[in-house]
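Student: After the structure tokens below, expect a handful of questions from me.
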There are 4 protein chains.
Amino acid sequence: MTDNTLRVLVWGENRHEQIEQHVRDIYPEGMHTTIAAGIAENLGDTARVSTTTLDEPEHGLSAEVLADTDVLVWWGHAAHDEVSDEVVDRVHRHVLSGLGLVVLHSGHWSKIFGKLMGTSCTLRWRSEQDRELVWTVNPTHPIARGVPHPIVIDQQEMYGEFFDIPAPDELIFLSTFSGGEVFRSGCTFRRGHGKIFFFSPGDQDYPVYHHRDVRRVIANGVQWVRTDLPARKIPTLLRYETGDFFTGHGYTGPIDA
Amino acid sequence: MTDNTLRVLVWGENRHEQIEQHVRDIYPEGMHTTIAAGIAENLGDTARVSTTTLDEPEHGLSAEVLADTDVLVWWGHAAHDEVSDEVVDRVHRHVLSGLGLVVLHSGHWSKIFGKLMGTSCTLRWRSEQDRELVWTVNPTHPIARGVPHPIVIDQQEMYGEFFDIPAPDELIFLSTFSGGEVFRSGCTFRRGHGKIFFFSPGDQDYPVYHHRDVRRVIANGVQWVRTDLPARKIPTLLRYETGDFFTGHGYTGPIDA
Amino acid sequence: MTDNTLRVLVWGENRHEQIEQHVRDIYPEGMHTTIAAGIAENLGDTARVSTTTLDEPEHGLSAEVLADTDVLVWWGHAAHDEVSDEVVDRVHRHVLSGLGLVVLHSGHWSKIFGKLMGTSCTLRWRSEQDRELVWTVNPTHPIARGVPHPIVIDQQEMYGEFFDIPAPDELIFLSTFSGGEVFRSGCTFRRGHGKIFFFSPGDQDYPVYHHRDVRRVIANGVQWVRTDLPARKIPTLLRYETGDFFTGHGYTGPIDA
Amino acid sequence: MTDNTLRVLVWGENRHEQIEQHVRDIYPEGMHTTIAAGIAENLGDTARVSTTTLDEPEHGLSAEVLADTDVLVWWGHAAHDEVSDEVVDRVHRHVLSGLGLVVLHSGHWSKIFGKLMGTSCTLRWRSEQDRELVWTVNPTHPIARGVPHPIVIDQQEMYGEFFDIPAPDELIFLSTFSGGEVFRSGCTFRRGHGKIFFFSPGDQDYPVYHHRDVRRVIANGVQWVRTDLPARKIPTLLRYETGDFFTGHGYTGPIDA
């Protein structure tokens with residue numbers, strides 16, 4: 001591990017795997033482990049990939065852990081409400097300060113994604129073994145590097161429009177489903193000093209995180225959301241005197257005493 | 001008032017006017033009254049413009065009032081924290097359901113704007129009588145209709161970049177200040193079924209809301225954020241069976257019983 | 001016809017109708033006539049809708065005609081190359097000066113659309129009676145007003161991604177095809193003082209321009225591309241002296257004599 | 001030079017330097033040489049930086065040269081009209097096929113930039129030794145890496161809005177001038193398989209290309225516009241049979257024989 005090693009943390013809710021045998025059959029060591037393996041497989045020595053889960057103290061997302069993380073990958077579904085607001089606020093501050101964030105699939109309805117988007121993040125859905133095709137509409141984007149056009153996923157849950165998100169900064173992938181629906185399945189957003197990639201393919205009921213191309217896209221996304229900024233710093237409201245562009249003063253309130 | 005009359009409600013914090021004589025001198029009946037007059041002056045019979053303030057019960061923003069409002073105009077500054085989370089959540093739901101929202105000046109740091117943007121909404125500032133020039137970079141946008149290029153505001157508070165907002169859906173105005181700073185001063189955002197316009201010119205310490213062109217822009221913005229959708233409805237997560245594109249079923253939870 | 005009447009001109013290539021009986025069967029008076037009827041049906045007294053075709057002198061697009069037109073609707077396919085560069089340049093100047101432009105279907109490969117986009121405007125296609133579904137991803141856009149979600153078109157030519165256009169200013173519609181492809185089928189672009197709407201549904205081999213919802217979208221688009229600017233004027237490079245923001249001088253060349 | 005070396009070609013018009021002594025004083029070996037030195041200074045061993053000029057055969061931009069170039073940097077001003085349409089068409093095809101393009105300053109009015117943008121690319125200007133401040137509005141963009149906020153340029157030509165370009169895919173820098181004007185001075189665009197960066201600071205009359213931060217931004221831009229795609233390929237219109245997503249057939253014309 002060098003100074004430039006990309007520090008990736010995959011956060012998994014890890015509930016379906018405990019409760020449902022058919023999920024455990026697909027992901028015997030937990031979905032987070034499979035997702036992490038896909039990233040490591042693609043990024044090799046350039047990344048250190050670890051995992052944590054909801055049931056850890058502070059959901060495994062203490063201030064120390066986040067400070068030691070460049071990119072957080074988020075998978076949650078059945079227990080969004082169990083994530084404490086305190087941890088969500090902490091992750092939110094870290095994202096605005098420069099933490100990269102990759103939100104996967106049902107993470108669209110996580111507290112952290114909703115807080116960053118400001119919208120309901122709702123959509124239409126159906127889990128009936130649709131075939132999903134993932135089409136690239138932004139072929140020069142680094143996140144689209146090295147995957148076929150389209151990516152074919154034989155069995156998937158359907159996510160369809162209208163997906164209530166802000167218009168993405170960059171729309172990279174569009175998915176169609178054999179039932180006829182469409183979804184903006186790969187989107188980037190910049191918020192504060194942080195970069196965010198949302199990618200919808202992936203589900204507990206299907207072996208999507210074993211799919212070579214899906215793993216490649218997630219790894220590409222992990223690389224892309226890494227911030228170039230030298231240090232984590234939250235944007236701050238500061239006063240600047242006339243002619244001084246570089247030295248801001250702290251805010252002292254709206255009304256002079 | 002016809003069925004198509006635009007129902008506008010100007011929300012004013014109304015605190016500076018109570019506390020500071022120099023603000024009362026500029027806005028003797030309150031800033032909200034002056035802002036409302038500027039809208040009425042431009043929209044005439046096509047709009048019904050009313051006002052309310054922070055100190056009203058429920059801050060004047062009950063469910064009934066919001067249901068009877070097409071466009072809410074927001075000015076706040078010194079008392080953002082006094083706006084109750086319950087009211088903010090209610091306004092947020094209404095915006096996602098189709099309520100138009102115009103956020104003015106120091107409203108950039110209001111709870112409702114922050115909740116809709118997902119970012120810190122911080123900026124650099126200085127109140128030292130800068131001249132502000134408001135330049136149009138989107139000349140075919142309806143919000144830019146009928147104003148000079150640039151709009152000249154002789155005295156203003158400086159708001160400067162970096163302004164921590166999501167990249168706007170549409171960037172309409174850029175402001176420069178005599179001190180050399182720049183600000184994305186006119187921006188649109190779509191969130192859910194709602195449209196939002198942020199416009200930064202305007203301050204309690206300067207007579208900006210008496211400025212003819214500023215009033216025109218605010219009135220243009222009020223018209224633009226009005227939603228075409230026939231009824232207020234929040235985006236909802238629904239299940240659609242294969243082949244049925246029009247009849248969604250309510251969500252029954254992530255794990256089958 | 002009042003001073004505010006929207007002056008719409010539908011330009012049709014009118015070649016398939018001359019050559020192919022099955023096209024004449026669907027559009028006995030020419031596709032342009034059917035398209036124009038759909039606009040008139042929706043806009044009623046507020047618009048004056050006329051038509052012209054490739055084989056007219058100057059392709060029916062003389063300087064006089066364009067000066068008397070607010071919005072030009074373009075349908076071409078088999079004879080893009082027969083449109084003279086001189087007329088294309090004239091239409092291009094008019095669009096940059098404020099003429100609204102709606103480009104339909106195979107117009108994606110017209111000279112005027114290519115010149116405005118700067119890209120190849122290529123795509124993937126197939127004409128095998130796919131069902132097309134047109135999904136709204138920008139529900140508050142005026143162009144999406146009043147149409148079902150999705151619009152169902154029983155038989156259509158397939159247009160698929162990658163569609164080589166600039167990222168649209170606003171993405172309004174996404175189409176899926178029964179074969180599984182996807183297309184950015186409703187897009188807006190602003191260029192100079194002109195507004196442009198591209199809408200892909202519509203073909204000579206299928207009765208798409210008789211479809212109620214397709215007609216509604218085209219009419220909505222015609223209304224949207226109309227420019228608010230008071231007079232047609234091409235953006236011009238001008239010199240402005242320090243402190244004079246309103247009076248530009250004509251450019252006199254890159255090197256002083 | 002390794003297989004991954006970035007092959008950069010700086011194209012300079014090289015006319016002011018021949019005609020005007022004061023330009024020769026600032027750029028004794030030609031502006032292109034200074035620009036190239038700034039890129040080499042920042043990219044070191046990772047790049048091979050060469051130059052060519054208008055007066056070379058085929059303006060130094062033969063098919064062979066372009067095929068051996070990853071990124072083309074363009075500076076022109078007084079002789080845009082002397083660039084042959086044939087060479088412009090060739091560069092245009094290469095950009096759509098994956099050649100990266102950085103357009104500098106007065107290159108805004110070059111044939112190649114206009115052809116890619118589709119607009120007039122006009123602006124307001126003045127050459128009166130304004131101070132230019134370059135503000136970052138997209139702090140997580142790689143092109144903004146490592147430069148102060150703002151960049152201070154003591155003497156510069158003024159370029160002001162309205163700048164008639166398409167809304168950029170990404171707006172990175174905004175410039176203000178001591179006279180009060182504003183300009184979208186750092187913008188990215190994706191066209192076909194090519195990436196484009198426009199950066200306005202830089203002029204023949206001022207020593208801007210000797211400025212450390214300007215050189216850094218140009219070098220960052222050169223890195224960013226490099227395409228990840230494995231081979232240069234122009235987007236092509238192809239027919240795909242139902243169920244075959246990967247094998248397109250060449251287009252055989254609009255009407256069956």
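Each chain in the structure tokens gets a letter, A, B and so on, in the order shown; residues start at 1 in every chain, and ligands are counted from 1 in the order they appear.
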Give the strand (DSSP E or B) residues of stretch 120-162 of chain C, as DSSP finds them on the backbone, and put them as a list in words.
Tutor: Arg124, Trp125, Arg126, Ser127, Glu128, Gln129, Asp130, Arg131, Glu132, Leu133, Val134, Trp135, Thr136, Ile151, Val152, Ile153, Asp154, Gln155, Gln156, Glu157, Met158, Tyr159 and Gly160 of chain C
Student: Output N, CA, C and O atoms of each residue in that selection to a file, as a PDB file, in the first residue's frame.
Tutor:
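Generated file (part_34.pdb):
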ATOM      1  N   ARG C 124     -28.414   4.131 -33.980  1.00  0.00           N
ATOM      2  CA  ARG C 124     -28.733   2.798 -34.497  1.00  0.00           C
ATOM      3  C   ARG C 124     -30.220   2.762 -34.833  1.00  0.00           C
ATOM      4  O   ARG C 124     -31.015   3.448 -34.223  1.00  0.00           O
ATOM      5  N   TRP C 125     -30.615   1.948 -35.821  1.00  0.00           N
ATOM      6  CA  TRP C 125     -32.012   1.943 -36.247  1.00  0.00           C
ATOM      7  C   TRP C 125     -32.398   0.577 -36.792  1.00  0.00           C
ATOM      8  O   TRP C 125     -31.564  -0.293 -37.060  1.00  0.00           O
ATOM      9  N   ARG C 126     -33.692   0.436 -36.940  1.00  0.00           N
ATOM     10  CA  ARG C 126     -34.284  -0.778 -37.529  1.00  0.00           C
ATOM     11  C   ARG C 126     -35.747  -0.454 -37.782  1.00  0.00           C
ATOM     12  O   ARG C 126     -36.398   0.170 -36.939  1.00  0.00           O
ATOM     13  N   SER C 127     -36.278  -0.850 -38.920  1.00  0.00           N
ATOM     14  CA  SER C 127     -37.696  -0.613 -39.193  1.00  0.00           C
ATOM     15  C   SER C 127     -38.389  -1.959 -39.276  1.00  0.00           C
ATOM     16  O   SER C 127     -38.470  -2.590 -40.329  1.00  0.00           O
ATOM     17  N   GLU C 128     -38.845  -2.434 -38.102  1.00  0.00           N
ATOM     18  CA  GLU C 128     -39.456  -3.765 -38.025  1.00  0.00           C
ATOM     19  C   GLU C 128     -40.659  -3.762 -37.086  1.00  0.00           C
ATOM     20  O   GLU C 128     -40.884  -4.714 -36.341  1.00  0.00           O
ATOM     21  N   GLN C 129     -41.406  -2.648 -37.112  1.00  0.00           N
ATOM     22  CA  GLN C 129     -42.650  -2.600 -36.353  1.00  0.00           C
ATOM     23  C   GLN C 129     -42.471  -2.825 -34.860  1.00  0.00           C
ATOM     24  O   GLN C 129     -43.258  -3.529 -34.224  1.00  0.00           O
ATOM     25  N   ASP C 130     -41.439  -2.253 -34.300  1.00  0.00           N
ATOM     26  CA  ASP C 130     -41.321  -2.261 -32.841  1.00  0.00           C
ATOM     27  C   ASP C 130     -42.454  -1.431 -32.221  1.00  0.00           C
ATOM     28  O   ASP C 130     -42.917  -0.464 -32.816  1.00  0.00           O
ATOM     29  N   ARG C 131     -42.838  -1.810 -31.030  1.00  0.00           N
ATOM     30  CA  ARG C 131     -43.674  -0.920 -30.228  1.00  0.00           C
ATOM     31  C   ARG C 131     -42.740   0.069 -29.541  1.00  0.00           C
ATOM     32  O   ARG C 131     -41.716  -0.316 -28.972  1.00  0.00           O
ATOM     33  N   GLU C 132     -43.085   1.352 -29.591  1.00  0.00           N
ATOM     34  CA  GLU C 132     -42.292   2.375 -28.896  1.00  0.00           C
ATOM     35  C   GLU C 132     -43.077   2.888 -27.690  1.00  0.00           C
ATOM     36  O   GLU C 132     -44.267   3.187 -27.791  1.00  0.00           O
ATOM     37  N   LEU C 133     -42.393   2.969 -26.559  1.00  0.00           N
ATOM     38  CA  LEU C 133     -42.960   3.601 -25.363  1.00  0.00           C
ATOM     39  C   LEU C 133     -42.167   4.873 -25.101  1.00  0.00           C
ATOM     40  O   LEU C 133     -40.937   4.825 -25.051  1.00  0.00           O
ATOM     41  N   VAL C 134     -42.857   5.990 -24.910  1.00  0.00           N
ATOM     42  CA  VAL C 134     -42.194   7.275 -24.691  1.00  0.00           C
ATOM     43  C   VAL C 134     -42.405   7.672 -23.233  1.00  0.00           C
ATOM     44  O   VAL C 134     -43.518   8.015 -22.824  1.00  0.00           O
ATOM     45  N   TRP C 135     -41.324   7.624 -22.463  1.00  0.00           N
ATOM     46  CA  TRP C 135     -41.383   7.883 -21.020  1.00  0.00           C
ATOM     47  C   TRP C 135     -40.937   9.307 -20.715  1.00  0.00           C
ATOM     48  O   TRP C 135     -39.967   9.797 -21.282  1.00  0.00           O
ATOM     49  N   THR C 136     -41.599   9.930 -19.770  1.00  0.00           N
ATOM     50  CA  THR C 136     -41.267  11.300 -19.361  1.00  0.00           C
ATOM     51  C   THR C 136     -40.287  11.267 -18.195  1.00  0.00           C
ATOM     52  O   THR C 136     -40.593  10.704 -17.151  1.00  0.00           O
ATOM     53  N   ILE C 151     -46.339   7.326 -23.298  1.00  0.00           N
ATOM     54  CA  ILE C 151     -47.079   7.325 -24.557  1.00  0.00           C
ATOM     55  C   ILE C 151     -46.809   5.976 -25.224  1.00  0.00           C
ATOM     56  O   ILE C 151     -45.661   5.538 -25.282  1.00  0.00           O
ATOM     57  N   VAL C 152     -47.853   5.326 -25.691  1.00  0.00           N
ATOM     58  CA  VAL C 152     -47.704   4.024 -26.341  1.00  0.00           C
ATOM     59  C   VAL C 152     -47.913   4.201 -27.847  1.00  0.00           C
ATOM     60  O   VAL C 152     -48.955   4.692 -28.277  1.00  0.00           O
ATOM     61  N   ILE C 153     -46.902   3.814 -28.628  1.00  0.00           N
ATOM     62  CA  ILE C 153     -46.993   3.880 -30.095  1.00  0.00           C
ATOM     63  C   ILE C 153     -46.865   2.450 -30.599  1.00  0.00           C
ATOM     64  O   ILE C 153     -45.810   1.831 -30.456  1.00  0.00           O
ATOM     65  N   ASP C 154     -47.931   1.930 -31.161  1.00  0.00           N
ATOM     66  CA  ASP C 154     -47.983   0.491 -31.421  1.00  0.00           C
ATOM     67  C   ASP C 154     -46.951   0.008 -32.436  1.00  0.00           C
ATOM     68  O   ASP C 154     -46.415  -1.085 -32.299  1.00  0.00           O
ATOM     69  N   GLN C 155     -46.723   0.812 -33.450  1.00  0.00           N
ATOM     70  CA  GLN C 155     -45.773   0.401 -34.476  1.00  0.00           C
ATOM     71  C   GLN C 155     -44.846   1.558 -34.791  1.00  0.00           C
ATOM     72  O   GLN C 155     -45.311   2.649 -35.113  1.00  0.00           O
ATOM     73  N   GLN C 156     -43.567   1.295 -34.774  1.00  0.00           N
ATOM     74  CA  GLN C 156     -42.611   2.358 -35.014  1.00  0.00           C
ATOM     75  C   GLN C 156     -41.287   1.798 -35.513  1.00  0.00           C
ATOM     76  O   GLN C 156     -40.959   0.628 -35.286  1.00  0.00           O
ATOM     77  N   GLU C 157     -40.573   2.653 -36.189  1.00  0.00           N
ATOM     78  CA  GLU C 157     -39.173   2.403 -36.486  1.00  0.00           C
ATOM     79  C   GLU C 157     -38.402   2.518 -35.175  1.00  0.00           C
ATOM     80  O   GLU C 157     -38.738   3.331 -34.324  1.00  0.00           O
ATOM     81  N   MET C 158     -37.365   1.693 -35.024  1.00  0.00           N
ATOM     82  CA  MET C 158     -36.521   1.783 -33.831  1.00  0.00           C
ATOM     83  C   MET C 158     -35.372   2.756 -34.083  1.00  0.00           C
ATOM     84  O   MET C 158     -34.701   2.657 -35.105  1.00  0.00           O
ATOM     85  N   TYR C 159     -35.196   3.692 -33.174  1.00  0.00           N
ATOM     86  CA  TYR C 159     -33.989   4.533 -33.122  1.00  0.00           C
ATOM     87  C   TYR C 159     -33.338   4.223 -31.778  1.00  0.00           C
ATOM     88  O   TYR C 159     -33.999   4.311 -30.738  1.00  0.00           O
ATOM     89  N   GLY C 160     -32.044   3.895 -31.808  1.00  0.00           N
ATOM     90  CA  GLY C 160     -31.389   3.509 -30.558  1.00  0.00           C
ATOM     91  C   GLY C 160     -30.079   4.226 -30.311  1.00  0.00           C
ATOM     92  O   GLY C 160     -29.501   4.845 -31.205  1.00  0.00           O
TER      93      GLY C 160
END
Student: Could you list the residues in chain D lying within 9 Å of chain B, using only C-alpha atoms, and format the result as a list of chain:residue names?
Tutor: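 For chain D, the answer reads D:Glu132, D:Leu133, D:Trp135, D:Thr136, D:Val137, D:Asn138, D:Pro139, D:His149, D:Glu161, D:Phe162, D:Phe163, D:Asp164, D:Ala167, D:Glu170, D:Leu171, D:Leu174, D:Ser175, D:Thr176, D:Phe177, D:Ser178, D:Gly179, D:Gly180, D:Glu181, D:Val182, D:Phe183, D:Arg184.
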Student: How would the residues just picked look written out with N, CA, C and O atoms as an mmCIF file, in the first residue's frame?
Tutor:
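Resulting contents of out00.cif:
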data_model
loop_
_atom_site.group_PDB
_atom_site.id
_atom_site.type_symbol
_atom_site.label_atom_id
_atom_site.label_comp_id
_atom_site.auth_asym_id
_atom_site.auth_seq_id
_atom_site.Cartn_x
_atom_site.Cartn_y
_atom_site.Cartn_z
ATOM 1 N N GLU D 132 -7.742 40.218 -14.669
ATOM 2 C CA GLU D 132 -8.692 39.102 -14.740
ATOM 3 C C GLU D 132 -8.542 38.225 -13.505
ATOM 4 O O GLU D 132 -7.428 37.886 -13.111
ATOM 5 N N LEU D 133 -9.682 37.871 -12.910
ATOM 6 C CA LEU D 133 -9.700 36.897 -11.814
ATOM 7 C C LEU D 133 -10.436 35.660 -12.322
ATOM 8 O O LEU D 133 -11.541 35.778 -12.853
ATOM 9 N N TRP D 135 -12.240 32.370 -11.252
ATOM 10 C CA TRP D 135 -12.857 31.721 -10.087
ATOM 11 C C TRP D 135 -13.283 30.297 -10.439
ATOM 12 O O TRP D 135 -13.829 30.053 -11.515
ATOM 13 N N THR D 136 -13.104 29.391 -9.499
ATOM 14 C CA THR D 136 -13.487 27.997 -9.693
ATOM 15 C C THR D 136 -14.901 27.770 -9.177
ATOM 16 O O THR D 136 -15.171 27.991 -8.000
ATOM 17 N N VAL D 137 -15.800 27.304 -10.051
ATOM 18 C CA VAL D 137 -17.148 26.981 -9.578
ATOM 19 C C VAL D 137 -17.403 25.472 -9.576
ATOM 20 O O VAL D 137 -18.512 25.031 -9.275
ATOM 21 N N ASN D 138 -16.393 24.694 -9.895
ATOM 22 C CA ASN D 138 -16.513 23.237 -9.928
ATOM 23 C C ASN D 138 -15.260 22.661 -9.286
ATOM 24 O O ASN D 138 -14.382 22.129 -9.962
ATOM 25 N N PRO D 139 -15.167 22.783 -7.945
ATOM 26 C CA PRO D 139 -13.875 22.539 -7.282
ATOM 27 C C PRO D 139 -13.389 21.101 -7.338
ATOM 28 O O PRO D 139 -12.204 20.858 -7.119
ATOM 29 N N HIS D 149 -7.674 29.907 -5.836
ATOM 30 C CA HIS D 149 -9.037 30.378 -6.071
ATOM 31 C C HIS D 149 -9.172 31.736 -5.433
ATOM 32 O O HIS D 149 -9.222 31.834 -4.211
ATOM 33 N N GLU D 161 -19.588 38.332 -21.380
ATOM 34 C CA GLU D 161 -20.864 37.746 -21.816
ATOM 35 C C GLU D 161 -21.731 38.815 -22.468
ATOM 36 O O GLU D 161 -21.613 39.979 -22.119
ATOM 37 N N PHE D 162 -22.551 38.395 -23.355
ATOM 38 C CA PHE D 162 -22.985 37.069 -23.667
ATOM 39 C C PHE D 162 -21.991 36.395 -24.607
ATOM 40 O O PHE D 162 -21.696 36.924 -25.680
ATOM 41 N N PHE D 163 -21.548 35.204 -24.197
ATOM 42 C CA PHE D 163 -20.688 34.356 -25.022
ATOM 43 C C PHE D 163 -21.630 33.337 -25.652
ATOM 44 O O PHE D 163 -22.244 32.543 -24.940
ATOM 45 N N ASP D 164 -21.726 33.371 -26.968
ATOM 46 C CA ASP D 164 -22.721 32.534 -27.652
ATOM 47 C C ASP D 164 -22.166 31.129 -27.911
ATOM 48 O O ASP D 164 -21.701 30.814 -29.001
ATOM 49 N N ALA D 167 -24.793 25.769 -23.741
ATOM 50 C CA ALA D 167 -24.526 25.598 -22.312
ATOM 51 C C ALA D 167 -23.492 24.488 -22.163
ATOM 52 O O ALA D 167 -23.676 23.392 -22.677
ATOM 53 N N GLU D 170 -19.908 21.036 -18.540
ATOM 54 C CA GLU D 170 -19.408 21.366 -17.204
ATOM 55 C C GLU D 170 -18.845 22.777 -17.247
ATOM 56 O O GLU D 170 -18.034 23.105 -18.116
ATOM 57 N N LEU D 171 -19.278 23.588 -16.307
ATOM 58 C CA LEU D 171 -18.736 24.938 -16.166
ATOM 59 C C LEU D 171 -17.734 24.877 -15.022
ATOM 60 O O LEU D 171 -18.097 24.528 -13.898
ATOM 61 N N LEU D 174 -15.172 30.764 -13.931
ATOM 62 C CA LEU D 174 -15.789 32.038 -14.309
ATOM 63 C C LEU D 174 -14.745 33.126 -14.114
ATOM 64 O O LEU D 174 -14.102 33.181 -13.064
ATOM 65 N N SER D 175 -14.600 33.996 -15.095
ATOM 66 C CA SER D 175 -13.658 35.104 -14.960
ATOM 67 C C SER D 175 -14.392 36.420 -14.787
ATOM 68 O O SER D 175 -15.409 36.660 -15.427
ATOM 69 N N THR D 176 -13.839 37.254 -13.904
ATOM 70 C CA THR D 176 -14.293 38.645 -13.820
ATOM 71 C C THR D 176 -13.133 39.540 -14.234
ATOM 72 O O THR D 176 -11.958 39.177 -14.113
ATOM 73 N N PHE D 177 -13.490 40.727 -14.690
ATOM 74 C CA PHE D 177 -12.502 41.693 -15.147
ATOM 75 C C PHE D 177 -12.669 42.971 -14.343
ATOM 76 O O PHE D 177 -13.768 43.278 -13.873
ATOM 77 N N SER D 178 -11.589 43.730 -14.204
ATOM 78 C CA SER D 178 -11.663 44.922 -13.363
ATOM 79 C C SER D 178 -12.688 45.913 -13.898
ATOM 80 O O SER D 178 -13.258 46.696 -13.134
ATOM 81 N N GLY D 179 -13.001 45.857 -15.180
ATOM 82 C CA GLY D 179 -14.057 46.712 -15.721
ATOM 83 C C GLY D 179 -15.448 46.290 -15.325
ATOM 84 O O GLY D 179 -16.403 47.030 -15.543
ATOM 85 N N GLY D 180 -15.615 45.077 -14.750
ATOM 86 C CA GLY D 180 -16.922 44.646 -14.269
ATOM 87 C C GLY D 180 -17.560 43.512 -15.058
ATOM 88 O O GLY D 180 -18.577 42.980 -14.633
ATOM 89 N N GLU D 181 -16.944 43.120 -16.172
ATOM 90 C CA GLU D 181 -17.550 42.076 -16.985
ATOM 91 C C GLU D 181 -17.282 40.682 -16.405
ATOM 92 O O GLU D 181 -16.433 40.492 -15.538
ATOM 93 N N VAL D 182 -18.013 39.707 -16.926
ATOM 94 C CA VAL D 182 -17.891 38.315 -16.501
ATOM 95 C C VAL D 182 -17.831 37.433 -17.737
ATOM 96 O O VAL D 182 -18.373 37.791 -18.789
ATOM 97 N N PHE D 183 -17.187 36.262 -17.610
ATOM 98 C CA PHE D 183 -17.051 35.354 -18.751
ATOM 99 C C PHE D 183 -16.975 33.920 -18.247
ATOM 100 O O PHE D 183 -16.303 33.640 -17.254
ATOM 101 N N ARG D 184 -17.678 33.028 -18.964
ATOM 102 C CA ARG D 184 -17.541 31.597 -18.673
ATOM 103 C C ARG D 184 -16.221 31.141 -19.292
ATOM 104 O O ARG D 184 -16.168 30.761 -20.447
#
Student: Suppose you want the space between atom CA of D:Gly12 and atom CA of D:Asp213; what is it in Å?
Tutor: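 One can read the atom CA of D:Gly12 to atom CA of D:Asp213 distance as 20.4 Å.
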Student: Quick one: residues within 6 Å of B:Val103, only C-alpha atoms counted, chain neighbours fewer than 5 positions away excluded, as a PDB file with C-alpha atoms, in the first residue's frame?
Tutor:
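Output contents, as saved in result_18.pdb:
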ATOM      1  CA  VAL B  73     -41.472  33.265  -2.441  1.00  0.00           C
ATOM      2  CA  TRP B  74     -39.007  32.949   0.457  1.00  0.00           C
ATOM      3  CA  PHE B 198     -32.946  31.076  -6.819  1.00  0.00           C
TER       4      PHE B 198
END
Student: Got a sec: who's within 7 Å of stretch 15-32 of chain B, counting only C-alpha atoms, leaving out chain neighbours fewer than 5 positions off, as a PyMOL selection string?
Tutor: chain B and resi 10+51+204-205+207
Student: What's the 6 Å shell around stretch 94-102 of chain B, counting only C-alpha atoms, without same-chain residues fewer than 5 positions away, as a ChimeraX atom specification?
Tutor: /B:70-73,191-198,225-227,232-234
Student: Give me, as a VMD selection string, all polymer residues having an atom no more than 10 Å from D:Asn4, counting only C-alpha atoms and skipping those fewer than 2 positions away in the same chain.
Tutor: chain D and resid 1 to 2 6 to 7 46 to 47
Student: What parts of stretch 23-235 of chain D does DSSP call alpha helix (DSSP H)? I'd like the answer as a PyMOL selection string.
Tutor: chain D and resi 23-26+31-43+63-67+85-97+111-117+212-225
Student: Rank nothing, just name the residue among A:His92, A:Ser200, A:Leu61, A:Phe189 nearest to A:Trp109, using only C-alpha atoms.
Tutor: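 Smallest distance to A:Trp109 is found for A:Ser200.
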Student: How many Å lie between atom CA of C:Gly221 and atom CA of C:Val91, rounded to one decimal?
Tutor: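 Separation between atom CA of C:Gly221 and atom CA of C:Val91: 18.3 Å.
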Student: Please report the interatomic distance between atom CA of B:Thr188 and atom CA of A:Asp228 in Å with one decimal.
Tutor: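 Separating atom CA of B:Thr188 from atom CA of A:Asp228 is a distance of 27.9 Å.
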Student: Residues at most 7 Å from B:Ile39, counting only C-alpha atoms, excluding those fewer than 5 positions away in the same chain, as a list of chain:residue names?
Tutor: B:Arg215, B:Ile218, B:Ala219
Student: With N, CA, C and O atoms retained, write the just-selected residues as an mmCIF file, in the first residue's frame.
Tutor:
data_model
loop_
_atom_site.group_PDB
_atom_site.id
_atom_site.type_symbol
_atom_site.label_atom_id
_atom_site.label_comp_id
_atom_site.auth_asym_id
_atom_site.auth_seq_id
_atom_site.Cartn_x
_atom_site.Cartn_y
_atom_site.Cartn_z
ATOM 1 N N ARG B 215 -37.325 43.571 -9.579
ATOM 2 C CA ARG B 215 -38.749 43.223 -9.438
ATOM 3 C C ARG B 215 -39.239 42.449 -10.654
ATOM 4 O O ARG B 215 -39.998 41.472 -10.514
ATOM 5 N N ILE B 218 -37.919 38.835 -10.469
ATOM 6 C CA ILE B 218 -38.646 38.035 -9.474
ATOM 7 C C ILE B 218 -40.029 37.654 -10.017
ATOM 8 O O ILE B 218 -40.460 36.495 -9.898
ATOM 9 N N ALA B 219 -40.703 38.595 -10.656
ATOM 10 C CA ALA B 219 -42.022 38.298 -11.231
ATOM 11 C C ALA B 219 -41.891 37.253 -12.346
ATOM 12 O O ALA B 219 -42.710 36.319 -12.441
#
Student: In terms of the shortest atom-to-atom distance over only C-alpha atoms, which of C:Leu43, C:Val87, C:Val214, C:Ala79 is closest to C:Ser62?
Tutor: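 For C:Ser62, the nearest of the candidates is C:Val87.
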